[in-house]
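Structure file structure06.cif (mmCIF, C-alpha atoms) is printed below.
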```
data_entry
loop_
_atom_site.label_atom_id
_atom_site.label_comp_id
_atom_site.auth_asym_id
_atom_site.auth_seq_id
_atom_site.Cartn_x
_atom_site.Cartn_y
_atom_site.Cartn_z
CA MET E 197 45.48 88.65 90.15
CA GLU E 198 46.78 91.62 88.20
CA PHE E 199 48.23 94.57 90.10
CA ARG E 200 49.03 97.96 88.70
CA LEU E 201 52.46 99.40 89.52
CA ASN E 202 53.40 103.09 89.54
CA PHE E 203 57.11 103.89 89.27
CA TYR E 204 58.58 107.31 90.11
CA GLY E 205 61.72 109.33 89.37
CA PRO E 206 64.59 107.31 87.90
CA LEU E 207 62.52 104.13 88.19
CA GLU E 208 59.85 105.69 85.96
CA GLU E 209 62.56 106.49 83.40
CA ARG E 210 63.88 102.96 83.54
CA PHE E 211 60.66 100.91 83.69
CA GLY E 212 57.88 103.31 82.61
CA ALA E 213 55.36 105.19 84.73
CA HIS E 214 52.77 102.41 84.85
CA ARG E 215 53.19 98.64 84.58
CA THR E 216 51.22 95.59 85.65
CA ILE E 217 52.27 92.37 87.36
CA GLN E 218 50.53 89.12 88.29
CA LEU E 219 50.72 88.48 92.05
CA GLU E 220 48.89 86.60 94.74
CA GLU E 221 46.89 88.81 97.04
CA GLY E 222 48.03 88.56 100.65
CA ILE E 223 51.74 87.99 100.06
CA ARG E 224 54.08 89.95 102.31
CA PHE E 225 55.86 93.05 101.01
CA SER E 226 59.20 91.29 101.53
CA GLU E 227 58.02 88.68 99.00
CA LEU E 228 56.67 91.43 96.76
CA ARG E 229 60.18 92.91 96.59
CA LYS E 230 61.57 89.59 95.35
CA GLU E 231 58.78 89.29 92.78
CA LEU E 232 59.40 92.82 91.52
CA GLU E 233 63.17 92.38 91.33
CA GLY E 234 62.65 89.15 89.38
CA ALA E 235 60.26 90.82 86.96
CA PHE E 236 62.11 94.11 86.45
CA ASN E 237 65.74 93.58 85.57
CA GLY E 238 67.97 96.11 87.34
CA LEU E 239 65.45 97.17 90.00
CA ASP E 240 67.63 95.65 92.73
CA ALA E 241 70.33 98.25 91.96
CA TYR E 242 68.07 100.98 93.36
CA PRO E 243 66.96 101.68 96.90
CA TYR E 244 63.17 102.07 97.00
CA THR E 245 60.21 102.01 99.32
CA LEU E 246 56.80 100.50 98.60
CA ALA E 247 53.41 102.04 99.29
CA GLN E 248 49.79 101.07 98.92
CA ASP E 249 46.58 102.94 99.79
CA GLY E 250 48.48 106.10 100.69
CA SER E 251 50.86 104.44 103.18
CA MET E 252 54.42 103.19 103.02
CA LYS E 253 54.51 99.45 103.79
CA SER E 254 56.98 97.49 105.89
CA ASP E 255 58.29 94.09 104.82
CA GLU E 256 55.97 92.31 107.28
CA GLU E 257 52.75 93.84 105.97
CA GLU E 258 50.54 92.00 103.50
CA LEU E 259 49.61 93.08 100.01
CA SER E 260 45.97 94.04 99.55
CA ARG E 261 44.04 95.00 96.44
CA GLY E 262 45.02 98.32 94.93
CA VAL E 263 47.82 100.10 93.14
CA ILE E 264 51.42 99.46 94.29
CA GLU E 265 53.63 102.57 94.36
CA VAL E 266 57.41 102.26 94.05
CA PHE E 267 59.33 105.29 95.33
CA PRO E 268 63.11 105.73 95.13
CA PRO E 269 64.86 108.47 97.14
CA PHE E 270 65.91 111.62 95.28
CA SER E 271 69.23 113.33 95.93
CA GLY E 272 69.04 116.67 94.09
CA GLY E 273 68.81 119.93 95.96
CA MET Q 252 56.94 144.19 118.13
CA ASN Q 253 57.56 146.25 115.00
CA THR Q 254 55.43 146.37 111.86
CA ARG Q 255 57.84 144.19 109.84
CA TYR Q 256 55.92 141.04 110.75
CA ASP Q 257 52.44 142.61 110.61
CA ARG Q 258 51.11 140.31 107.85
CA HIS Q 259 51.99 137.23 109.84
CA MET Q 260 50.58 138.78 113.01
CA LYS Q 261 47.23 139.32 111.28
CA LEU Q 262 46.92 135.62 110.45
CA LYS Q 263 44.36 133.60 112.35
CA GLY Q 264 46.36 131.04 114.30
CA TRP Q 265 49.47 133.24 114.51
CA SER Q 266 50.22 135.28 117.63
CA ALA Q 267 52.74 137.53 119.34
CA GLN Q 268 53.96 134.43 121.13
CA ALA Q 269 54.47 132.61 117.81
CA GLN Q 270 56.46 135.55 116.46
CA GLU Q 271 58.52 135.71 119.64
CA GLN Q 272 59.28 132.00 119.30
CA LEU Q 273 60.61 132.69 115.81
CA ARG Q 274 62.74 135.54 117.15
CA THR Q 275 64.41 133.29 119.70
CA ALA Q 276 64.71 130.28 117.35
CA HIS Q 277 67.87 128.88 115.80
CA ALA Q 278 67.62 127.10 112.43
CA VAL Q 279 70.50 125.34 110.69
CA VAL Q 280 70.27 125.16 106.90
CA VAL Q 281 72.61 122.62 105.29
CA GLY Q 282 73.05 123.42 101.60
CA ALA Q 283 72.73 126.88 100.05
CA GLY Q 284 72.02 125.75 96.48
CA GLY Q 285 68.61 125.53 94.81
CA LEU Q 286 66.50 124.55 97.80
CA GLY Q 287 68.60 126.72 100.11
CA SER Q 288 68.00 129.71 97.85
CA ALA Q 289 64.26 129.16 98.17
CA VAL Q 290 64.23 128.47 101.90
CA LEU Q 291 66.69 131.02 103.29
CA PRO Q 292 65.02 134.32 102.27
CA TYR Q 293 61.70 133.26 103.83
CA LEU Q 294 63.36 132.16 107.06
CA ALA Q 295 65.16 135.50 107.27
CA SER Q 296 62.22 137.67 106.26
CA ALA Q 297 59.92 135.89 108.72
CA GLY Q 298 62.27 136.82 111.56
CA VAL Q 299 63.92 133.53 112.55
CA GLY Q 300 66.37 134.93 115.10
CA LYS Q 301 69.46 132.91 114.24
CA ILE Q 302 70.21 131.08 111.01
CA THR Q 303 73.34 129.00 110.49
CA ILE Q 304 74.15 128.21 106.85
CA VAL Q 305 76.48 125.32 105.98
CA ASP Q 306 77.85 124.99 102.44
CA TYR Q 307 81.38 124.58 101.02
CA ASP Q 308 80.51 125.40 97.41
CA ARG Q 309 81.09 128.48 95.27
CA VAL Q 310 78.60 130.10 92.91
CA SER Q 311 78.93 128.97 89.30
CA LEU Q 312 77.19 130.20 86.17
CA SER Q 313 75.15 127.00 85.86
CA ASN Q 314 73.71 127.65 89.36
CA LEU Q 315 71.97 130.88 88.34
CA GLN Q 316 69.18 129.09 86.42
CA ARG Q 317 67.57 128.09 89.75
CA GLN Q 318 69.64 129.42 92.67
CA VAL Q 319 67.97 132.82 92.71
CA LEU Q 320 69.78 134.04 95.82
CA TYR Q 321 72.83 134.66 93.60
CA ALA Q 322 73.61 136.98 90.70
CA GLU Q 323 76.22 137.07 87.93
CA GLU Q 324 78.50 139.26 90.04
CA ASP Q 325 78.60 136.46 92.66
CA VAL Q 326 80.09 133.80 90.36
CA SER Q 327 83.18 132.19 91.98
CA GLN Q 328 82.28 133.59 95.42
CA LEU Q 329 81.60 131.31 98.38
CA LYS Q 330 77.84 130.73 98.55
CA VAL Q 331 77.80 131.08 102.32
CA GLU Q 332 79.44 134.51 102.20
CA VAL Q 333 77.09 135.79 99.50
CA ALA Q 334 74.04 134.34 101.28
CA VAL Q 335 74.97 135.95 104.61
CA GLU Q 336 75.46 139.31 102.92
CA LYS Q 337 72.16 139.19 101.02
CA LEU Q 338 70.12 137.89 103.94
CA SER Q 339 71.61 140.55 106.24
CA ALA Q 340 70.36 143.17 103.80
CA LEU Q 341 66.93 141.52 103.87
CA ASN Q 342 66.71 141.47 107.68
CA SER Q 343 69.31 143.21 109.82
CA GLU Q 344 67.52 142.16 113.03
CA ILE Q 345 68.58 138.52 112.82
CA GLU Q 346 71.89 136.73 113.42
CA LEU Q 347 73.46 134.92 110.47
CA VAL Q 348 76.32 132.44 110.81
CA GLY Q 349 78.10 131.02 107.77
CA ILE Q 350 80.11 127.79 107.80
CA SER Q 351 81.92 127.34 104.49
CA LYS Q 352 82.97 123.74 105.06
CA PRO Q 353 81.42 120.38 104.21
CA PHE Q 354 79.01 118.85 106.72
CA GLU Q 355 81.17 116.04 108.06
CA PRO Q 356 80.64 113.20 110.56
CA HIS Q 357 83.07 114.63 113.12
CA THR Q 358 81.41 118.08 113.17
CA ALA Q 359 77.78 117.21 112.44
CA GLU Q 360 76.55 116.79 116.01
CA ASN Q 361 78.28 119.98 117.17
CA ILE Q 362 76.67 121.99 114.38
CA VAL Q 363 73.10 120.76 114.88
CA GLY Q 364 73.16 120.10 118.64
CA GLY Q 365 71.06 122.61 120.56
CA CYS Q 366 69.42 124.22 117.54
CA ASP Q 367 65.64 124.14 117.10
CA LEU Q 368 65.45 122.80 113.56
CA VAL Q 369 67.69 121.59 110.74
CA ILE Q 370 66.63 122.11 107.14
CA ASP Q 371 68.25 119.67 104.74
CA CYS Q 372 68.74 121.37 101.37
CA THR Q 373 71.66 119.17 100.28
CA ASP Q 374 72.20 117.47 96.95
CA ASN Q 375 73.78 114.19 98.01
CA PHE Q 376 72.90 111.09 100.00
CA ARG Q 377 76.02 111.07 102.14
CA THR Q 378 75.12 114.41 103.74
CA ARG Q 379 71.40 113.53 103.88
CA TYR Q 380 72.04 110.41 105.99
CA LEU Q 381 74.55 112.34 108.12
CA ILE Q 382 71.93 115.00 108.86
CA ASN Q 383 69.43 112.29 109.77
CA ASP Q 384 71.83 110.58 112.15
CA ALA Q 385 73.13 113.78 113.75
CA CYS Q 386 69.57 115.03 114.34
CA VAL Q 387 68.40 111.70 115.76
CA ARG Q 388 71.36 111.59 118.16
CA THR Q 389 70.91 115.20 119.31
CA ASP Q 390 67.09 115.04 119.32
CA VAL Q 391 66.64 117.86 116.81
CA PRO Q 392 63.76 117.84 114.26
CA PHE Q 393 64.65 118.22 110.60
CA ILE Q 394 62.97 118.81 107.28
CA PHE Q 395 64.35 117.27 104.12
CA GLY Q 396 63.67 118.18 100.52
CA ALA Q 397 65.00 116.46 97.42
CA LEU Q 398 64.60 116.85 93.69
CA TYR Q 399 64.67 114.72 90.55
CA THR Q 400 64.18 116.54 87.21
CA TYR Q 401 60.50 117.66 87.46
CA SER Q 402 59.61 115.85 90.72
CA GLY Q 403 60.30 116.57 94.36
CA GLN Q 404 59.95 115.03 97.81
CA MET Q 405 59.78 116.60 101.26
CA ALA Q 406 58.99 115.53 104.82
CA VAL Q 407 59.29 116.68 108.41
CA CYS Q 408 61.29 114.12 110.39
CA ASN Q 409 62.18 113.41 114.02
CA TYR Q 410 59.59 115.92 115.24
CA LYS Q 411 58.16 114.98 118.64
CA GLY Q 412 58.97 111.31 118.08
CA SER Q 413 57.94 111.16 114.44
CA ALA Q 414 59.62 108.99 111.81
CA THR Q 415 63.05 109.75 110.33
CA TYR Q 416 64.60 109.63 106.87
CA ARG Q 417 66.03 106.18 107.61
CA CYS Q 418 62.50 105.00 108.48
CA LEU Q 419 61.48 106.01 104.98
CA PHE Q 420 64.53 104.84 103.05
CA LYS Q 421 66.16 102.21 105.26
CA GLU Q 422 68.86 101.16 102.85
CA PRO Q 423 71.15 103.94 101.66
CA PRO Q 424 72.18 103.76 98.01
CA THR Q 425 75.40 101.81 97.55
CA ASP Q 426 76.42 103.45 94.30
CA ALA Q 427 75.45 106.42 92.20
CA ALA Q 428 72.23 104.74 90.90
CA ILE Q 429 70.27 107.91 91.61
CA PRO Q 430 71.90 110.78 89.71
CA ASN Q 431 71.85 114.39 90.92
CA CYS Q 432 70.97 117.71 89.27
CA ALA Q 433 74.42 118.15 87.68
CA GLU Q 434 73.92 114.93 85.74
CA ILE Q 435 70.22 114.93 84.79
CA GLY Q 436 69.10 118.54 85.17
CA VAL Q 437 66.37 120.10 87.29
CA PHE Q 438 63.31 122.18 86.37
CA SER Q 439 63.97 125.53 88.03
CA PRO Q 440 60.44 126.22 89.41
CA LEU Q 441 60.64 122.91 91.26
CA VAL Q 442 63.18 124.31 93.72
CA ALA Q 443 60.75 127.15 94.53
CA LEU Q 444 57.85 124.76 95.01
CA ILE Q 445 59.60 122.20 97.21
CA GLY Q 446 61.56 124.96 99.00
CA SER Q 447 58.30 126.76 99.79
CA LEU Q 448 56.75 123.58 101.20
CA MET Q 449 59.86 123.08 103.34
CA VAL Q 450 59.96 126.62 104.70
CA ALA Q 451 56.21 126.54 105.40
CA GLU Q 452 56.75 123.52 107.65
CA ALA Q 453 59.87 125.13 109.12
CA LEU Q 454 58.00 128.25 110.21
CA LYS Q 455 55.18 126.12 111.66
CA VAL Q 456 57.70 124.07 113.69
CA LEU Q 457 59.66 127.12 114.89
CA ALA Q 458 56.58 129.22 115.72
CA GLY Q 459 55.02 126.33 117.62
CA LEU Q 460 51.95 125.93 115.41
CA GLU Q 461 50.03 122.70 115.91
CA SER Q 462 49.45 121.80 112.28
CA VAL Q 463 52.95 120.48 111.48
CA LEU Q 464 52.95 117.79 108.82
CA THR Q 465 54.52 114.72 110.43
CA GLY Q 466 54.78 111.14 109.27
CA ARG Q 467 53.93 112.07 105.69
CA LEU Q 468 56.13 112.13 102.60
CA ILE Q 469 54.94 114.82 100.21
CA THR Q 470 55.71 114.15 96.56
CA TYR Q 471 54.97 116.55 93.70
CA ASP Q 472 55.35 116.17 89.95
CA LEU Q 473 55.42 119.51 88.16
CA LEU Q 474 54.79 117.92 84.74
CA THR Q 475 51.45 116.40 85.74
CA HIS Q 476 50.72 118.38 88.95
CA GLN Q 477 50.14 115.06 90.65
CA GLN Q 478 50.68 115.38 94.41
CA GLN Q 479 50.71 112.69 97.07
CA ALA Q 480 50.98 112.62 100.86
CA LEU Q 481 52.12 109.15 101.87
CA ALA Q 482 52.04 108.05 105.50
CA PHE Q 483 55.17 106.46 106.93
CA LYS Q 484 55.84 105.15 110.41
CA ALA Q 485 58.72 105.48 112.85
CA ASP Q 486 61.00 102.44 112.89
CA VAL Q 487 61.81 102.37 116.59
CA LYS Q 488 64.60 99.78 116.17
CA ALA Q 489 66.35 101.77 113.41
CA ILE Q 490 66.16 104.96 115.48
CA ALA Q 491 67.56 103.23 118.59
CA GLN Q 492 70.39 101.75 116.52
CA ILE Q 493 71.53 105.20 115.42
CA LYS Q 494 71.26 106.60 118.95
CA ASN Q 495 73.34 103.74 120.36
CA LEU Q 496 76.27 104.05 117.96
CA ASN Q 497 79.51 105.26 119.53
CA ARG Q 498 79.85 107.78 116.74
CA ILE Q 499 78.21 108.65 113.45
CA GLU Q 500 79.24 106.41 110.59
CA PRO Q 501 78.83 107.89 107.10
CA ILE Q 502 77.14 105.70 104.48
CA ALA Q 503 79.43 103.83 102.12
CA LEU Q 504 78.43 105.91 99.10
CA ASP Q 505 80.63 109.00 98.85
CA ASP Q 506 78.57 111.23 96.55
CA CYS Q 507 79.47 114.48 98.31
CA ASP Q 508 81.71 115.92 95.64
CA TRP Q 509 84.18 117.85 97.75
CA ASN Q 510 87.55 117.00 99.24
CA ASP Q 511 90.95 118.65 99.47
CA GLN Q 512 91.58 117.85 95.78
CA THR Q 513 88.61 119.98 94.71
CA LEU Q 514 89.41 123.09 92.70
CA TYR Q 515 87.18 125.84 91.37
CA LEU Q 516 88.09 128.24 88.58
CA SER Q 517 88.92 130.87 91.17
CA ASP Q 518 91.55 128.51 92.65
CA LEU Q 519 93.42 127.92 89.40
CA ASP Q 520 95.43 131.14 89.52
CA THR Q 521 97.04 129.95 92.78
CA LEU Q 522 98.65 126.94 91.02
CA LYS Q 523 102.14 127.26 89.57
CA ASP Q 524 102.39 125.89 86.00
CA PRO Q 525 99.38 123.53 86.09
CA LEU Q 526 98.70 120.92 83.40
CA PHE Q 527 95.03 120.27 82.65
CA ILE Q 528 94.02 116.70 81.81
CA ASP Q 529 90.80 116.01 79.90
CA VAL Q 530 89.53 112.61 81.13
CA ARG Q 531 86.43 112.53 78.92
CA GLU Q 532 85.90 109.98 76.14
CA LEU Q 533 87.79 110.70 72.92
CA LYS Q 534 84.78 111.82 70.89
CA GLU Q 535 83.10 113.92 73.57
CA VAL Q 536 82.30 117.50 72.70
CA PRO Q 537 82.99 120.33 73.09
CA LEU Q 538 86.62 119.75 72.17
CA VAL Q 539 89.09 121.58 74.40
CA GLU Q 540 92.22 122.62 72.55
CA HIS Q 541 94.82 124.59 74.46
CA ALA Q 542 98.58 124.41 75.04
CA LEU Q 543 98.04 123.54 78.72
CA VAL Q 544 95.51 120.74 78.02
CA VAL Q 545 96.21 117.07 77.27
CA LYS Q 546 93.78 114.18 76.84
CA ARG Q 547 94.12 110.97 78.86
CA SER Q 548 91.54 108.39 79.84
CA SER Q 549 91.20 107.44 83.47
CA ASP Q 550 92.69 104.00 82.69
CA GLN Q 551 95.75 105.53 81.00
CA LEU Q 552 96.40 107.75 84.00
CA LEU Q 553 96.45 104.74 86.30
CA GLN Q 554 99.27 103.04 84.33
CA SER Q 555 102.47 103.04 86.38
CA ASP Q 556 104.58 104.16 83.39
CA GLU Q 557 102.39 107.17 82.60
CA GLN Q 558 104.87 110.00 82.04
CA LEU Q 559 102.43 112.71 83.10
CA LEU Q 560 102.55 111.40 86.65
CA LYS Q 561 106.32 111.84 86.93
CA GLY Q 562 107.55 114.96 88.67
CA LYS Q 563 105.58 117.36 90.83
CA ARG Q 564 103.83 119.56 88.31
CA PRO Q 565 100.23 120.24 89.48
CA LEU Q 566 97.78 118.13 87.47
CA VAL Q 567 94.17 119.29 87.21
CA LEU Q 568 91.73 116.69 85.87
CA PHE Q 569 88.53 117.85 84.25
CA CYS Q 570 85.47 116.39 82.50
CA ALA Q 571 81.98 117.68 81.63
CA THR Q 572 80.86 118.35 85.23
CA GLY Q 573 83.73 117.28 87.51
CA LYS Q 574 82.19 113.94 88.50
CA ARG Q 575 84.42 111.65 86.43
CA ALA Q 576 87.46 113.82 87.06
CA ARG Q 577 86.87 113.44 90.78
CA ARG Q 578 86.63 109.65 90.54
CA SER Q 579 89.88 109.55 88.57
CA ALA Q 580 91.69 111.95 90.91
CA LEU Q 581 90.75 109.83 93.92
CA LYS Q 582 92.48 106.81 92.36
CA ILE Q 583 95.81 108.48 91.53
CA GLU Q 584 98.40 108.16 94.26
CA ARG Q 585 100.52 111.23 93.68
CA GLU Q 586 100.85 114.66 95.24
CA ASN Q 587 99.49 117.72 93.45
CA VAL Q 588 96.62 115.93 91.69
CA TYR Q 589 93.38 117.91 91.68
CA TYR Q 590 90.05 117.91 89.88
CA LEU Q 591 88.01 120.79 88.61
CA LYS Q 592 84.47 121.03 90.00
CA GLU Q 593 83.10 123.21 87.24
CA GLU Q 594 80.99 122.84 84.11
CA ILE Q 595 83.16 122.40 81.02
CA GLU Q 596 81.67 125.45 79.30
CA ASP Q 597 82.82 127.62 82.20
CA PHE Q 598 86.31 126.10 82.00
CA ILE Q 599 86.51 126.75 78.26
CA HIS Q 600 85.52 130.36 78.93
CA TYR Q 601 88.36 130.54 81.48
CA LEU Q 602 90.88 129.13 78.98
CA ASN Q 603 89.75 131.57 76.30
CA GLN Q 604 90.27 134.44 78.72
CA MET Q 605 93.79 133.12 79.45
CA LYS Q 606 94.58 133.26 75.73
CA HIS Q 607 93.54 136.88 75.60
CA ASP Q 608 95.39 137.96 78.78
#
```
What is this file in structure tokens?
Amino acid sequence: MEFRLNFYGPLEERFGAHRTIQLEEGIRFSELRKELEGAFNGLDAYPYTLAQDGSMKSDEEELSRGVIEVFPPFSGG
Amino acid sequence: MNTRYDRHMKLKGWSAQAQEQLRTAHAVVVGAGGLGSAVLPYLASAGVGKITIVDYDRVSLSNLQRQVLYAEEDVSQLKVEVAVEKLSALNSEIELVGISKPFEPHTAENIVGGCDLVIDCTDNFRTRYLINDACVRTDVPFIFGALYTYSGQMAVCNYKGSATYRCLFKEPPTDAAIPNCAEIGVFSPLVALIGSLMVAEALKVLAGLESVLTGRLITYDLLTHQQQALAFKADVKAIAQIKNLNRIEPIALDDCDWNDQTLYLSDLDTLKDPLFIDVRELKEVPLVEHALVVKRSSDQLLQSDEQLLKGKRPLVLFCATGKRARRSALKIERENVYYLKEEIEDFIHYLNQMKHD
């Protein structure tokens, strides 16, 4: 099924604020990382954390329906 | 209790006990730049009894757009010294300690150990992960804030067993994939917004209020006014790993742009007969033409037969912001090689003044 992705910060600049991707529901977030890094060339150069439904997700958790948020760390201060 | 804190005392949920807790509290603020400028005055004015400020940097003209603690007359002065002076004028009842050195692995735990809260206002990942690790190992809560152009992040970490920065971003960056303010700019009101969120949580932690935001990453985009509060959990294994290390290990990425080769404009007059080397690309503007300036690429400087490297004349590398000059200076194995950590416009102004003197 189609999932909406929201990118932030430098990832938004590189890939756009909103994108979509075809994924199977129920895959683990560790697999999601591989799918994303295959689909978006250069994403693996960045550290990032993934969130869904208002919560950051660990690699072991499973993807559910809803928007996937991709957050990189910021360094400015 | 004097009337200075009357408007806090009148707040529902505040109390004489809360104010007394602030009076006896010790906060360490690492970084006195944009976020530090927003955080420090409110900590001082609220009556936090002891504030330690850690920053090695000096005030530059390009800081004044957002670092509102400083004025034109402070350019070239150590930020820590200016901050201590201005905050003392704001509240003479509190103790202010300035440390004008980088926050390093061998001193980190001594600086934060025993304090009540650390506020991370830094602009680089190396120091951010050091603060995380030092606070985890000494059991001190900390609040981090970070900026990217028009967007900011902040969270309270390691507070009563809550998650840490490494729980949020497990893998530190391995290279400079995420640029900082000097490279991509920052919207000045963002430092006030994120700094205000940070100091609000700081006062709640230090005064012992119950409504501290824990386990949530706050993000804010000032272009769209989109705000999010994302839950994140403590990674018990990652926390234990940091606690069990024999000593703090800095992350591999060295994006803290200070070492003993760093020079500011105010240091240049101490050098005898320096030669300035422009390491920018050939066509980069503004052009810098001066009798003491030569142009060499980083690759040329690393050639063993490069004549400029012969002898002991002090060499000062410069570029647009100091970033590339620093990378080049680190690679050159020769004494008396420095890099200028200043904006090129400020350096040109310095050279023009030399011509007139």
Run through the PyMOL selection byres ((chain Q) within 6 of (chain E)) on the given coordinates and return the selected residues as a list in words.
-> Gly285, Leu286, Cys372, Thr373, Asp374, Asn375, Phe376, Ala397, Leu398, Tyr399, Pro424, Asn431, Cys432, Leu481, Ala482 and Phe483 of chain Q
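Atom to atom, CA of Arg261 in chain E and CA of Gln404 in chain Q stand 25.6 Å apart.
All residues of protein, DNA or RNA that reach within 8 Å of range 588-600 of chain Q, judged by all atoms listed in the file and not counting those fewer than 5 positions away in the chain, are Ser311, Leu312, Ser313, Gln512, Thr513, Leu514, Tyr515, Leu516, Val539, Pro565, Leu566, Val567, Leu568, Phe569, Cys570, Ala571, Thr572, Gly573, Lys574, Ala576, Arg577, Ala580 and Ile583 of chain Q.
Shown here are all protein and nucleic acid residues lying within 10 Å of (59.5, 104.8, 87.7), with only C-alpha atoms considered: Leu201, Asn202, Phe203, Tyr204, Gly205, Pro206, Leu207, Glu208, Glu209, Arg210, Phe211, Gly212, Ala213, His214, Arg215, Leu239, Glu265, Val266, Phe267 and Pro268 of chain E.
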Would you kindly translate the PyMOL selection byres ((chain Q and resi 318) around 6) into the concrete residues it picks from this file, as a PyMOL selection string?
-> chain Q and resi 284-285+288+314-315+317+319-320
Residues within 10 Å of (61.8, 118.0, 101.9), counting only C-alpha atoms, listed as a PDB file with C-alpha atoms, in the frame of the given file:
```pdb
ATOM      1  CA  GLY E 273      68.810 119.930  95.960  1.00  0.00           C
TER       2      GLY E 273
ATOM      3  CA  LEU Q 286      66.500 124.550  97.800  1.00  0.00           C
ATOM      4  CA  ILE Q 370      66.630 122.110 107.140  1.00  0.00           C
ATOM      5  CA  ASP Q 371      68.250 119.670 104.740  1.00  0.00           C
ATOM      6  CA  CYS Q 372      68.740 121.370 101.370  1.00  0.00           C
ATOM      7  CA  PHE Q 393      64.650 118.220 110.600  1.00  0.00           C
ATOM      8  CA  ILE Q 394      62.970 118.810 107.280  1.00  0.00           C
ATOM      9  CA  PHE Q 395      64.350 117.270 104.120  1.00  0.00           C
ATOM     10  CA  GLY Q 396      63.670 118.180 100.520  1.00  0.00           C
ATOM     11  CA  ALA Q 397      65.000 116.460  97.420  1.00  0.00           C
ATOM     12  CA  LEU Q 398      64.600 116.850  93.690  1.00  0.00           C
ATOM     13  CA  GLY Q 403      60.300 116.570  94.360  1.00  0.00           C
ATOM     14  CA  GLN Q 404      59.950 115.030  97.810  1.00  0.00           C
ATOM     15  CA  MET Q 405      59.780 116.600 101.260  1.00  0.00           C
ATOM     16  CA  ALA Q 406      58.990 115.530 104.820  1.00  0.00           C
ATOM     17  CA  VAL Q 407      59.290 116.680 108.410  1.00  0.00           C
ATOM     18  CA  CYS Q 408      61.290 114.120 110.390  1.00  0.00           C
ATOM     19  CA  ILE Q 445      59.600 122.200  97.210  1.00  0.00           C
ATOM     20  CA  GLY Q 446      61.560 124.960  99.000  1.00  0.00           C
ATOM     21  CA  SER Q 447      58.300 126.760  99.790  1.00  0.00           C
ATOM     22  CA  LEU Q 448      56.750 123.580 101.200  1.00  0.00           C
ATOM     23  CA  MET Q 449      59.860 123.080 103.340  1.00  0.00           C
ATOM     24  CA  VAL Q 450      59.960 126.620 104.700  1.00  0.00           C
ATOM     25  CA  GLU Q 452      56.750 123.520 107.650  1.00  0.00           C
ATOM     26  CA  LEU Q 468      56.130 112.130 102.600  1.00  0.00           C
ATOM     27  CA  ILE Q 469      54.940 114.820 100.210  1.00  0.00           C
ATOM     28  CA  THR Q 470      55.710 114.150  96.560  1.00  0.00           C
TER      29      THR Q 470
END
```
On this structure, which residues satisfy the PyMOL selection byres ((chain E and resi 221-223) around 7), written as a compact mmCIF listing (two decimals) with C-alpha atoms, keeping the file's coordinate frame?
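Contents of selection22.txt, as written:
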```txt
# COMPACT_ATOMS: atom_id res chain seq x y z
CA LEU E 219 50.72 88.48 92.05
CA GLU E 220 48.89 86.60 94.74
CA ARG E 224 54.08 89.95 102.31
CA PHE E 225 55.86 93.05 101.01
CA GLU E 227 58.02 88.68 99.00
CA LEU E 228 56.67 91.43 96.76
CA GLU E 258 50.54 92.00 103.50
CA LEU E 259 49.61 93.08 100.01
CA SER E 260 45.97 94.04 99.55
CA ARG E 261 44.04 95.00 96.44
```
Rounded to one decimal in Å, what is the spacing between CA of Pro392 in chain Q and CA of Val369 in chain Q?
->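 Between these atoms lies a distance of 6.5 Å.
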Interatomic distance (Å, one decimal) between CA of Cys366 in chain Q and CA of Glu346 in chain Q =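 For CA of Cys366 in chain Q relative to CA of Glu346 in chain Q, the distance reads 13.4 Å.
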Any idea what's packed within 10 Å of Asn409 in chain Q, counting all atoms listed in the file, ignoring anything in its chain fewer than 6 positions away? Could you give it as a VMD selection string?
-> chain Q and resid 368 383 386 to 387 390 to 394 415 to 416 465 to 466 485 490
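Nearest to Ser339 in chain Q of all the residues Q:Leu444, Q:Cys418, Q:Leu291, Q:Leu526 is Q:Leu291, based on all atoms listed in the file.
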Nearest residue to Gln268 in chain Q from the set Q:Phe354, Q:Leu460, Q:Arg309, Q:Asp367 (distances using only C-alpha atoms) = Q:Leu460
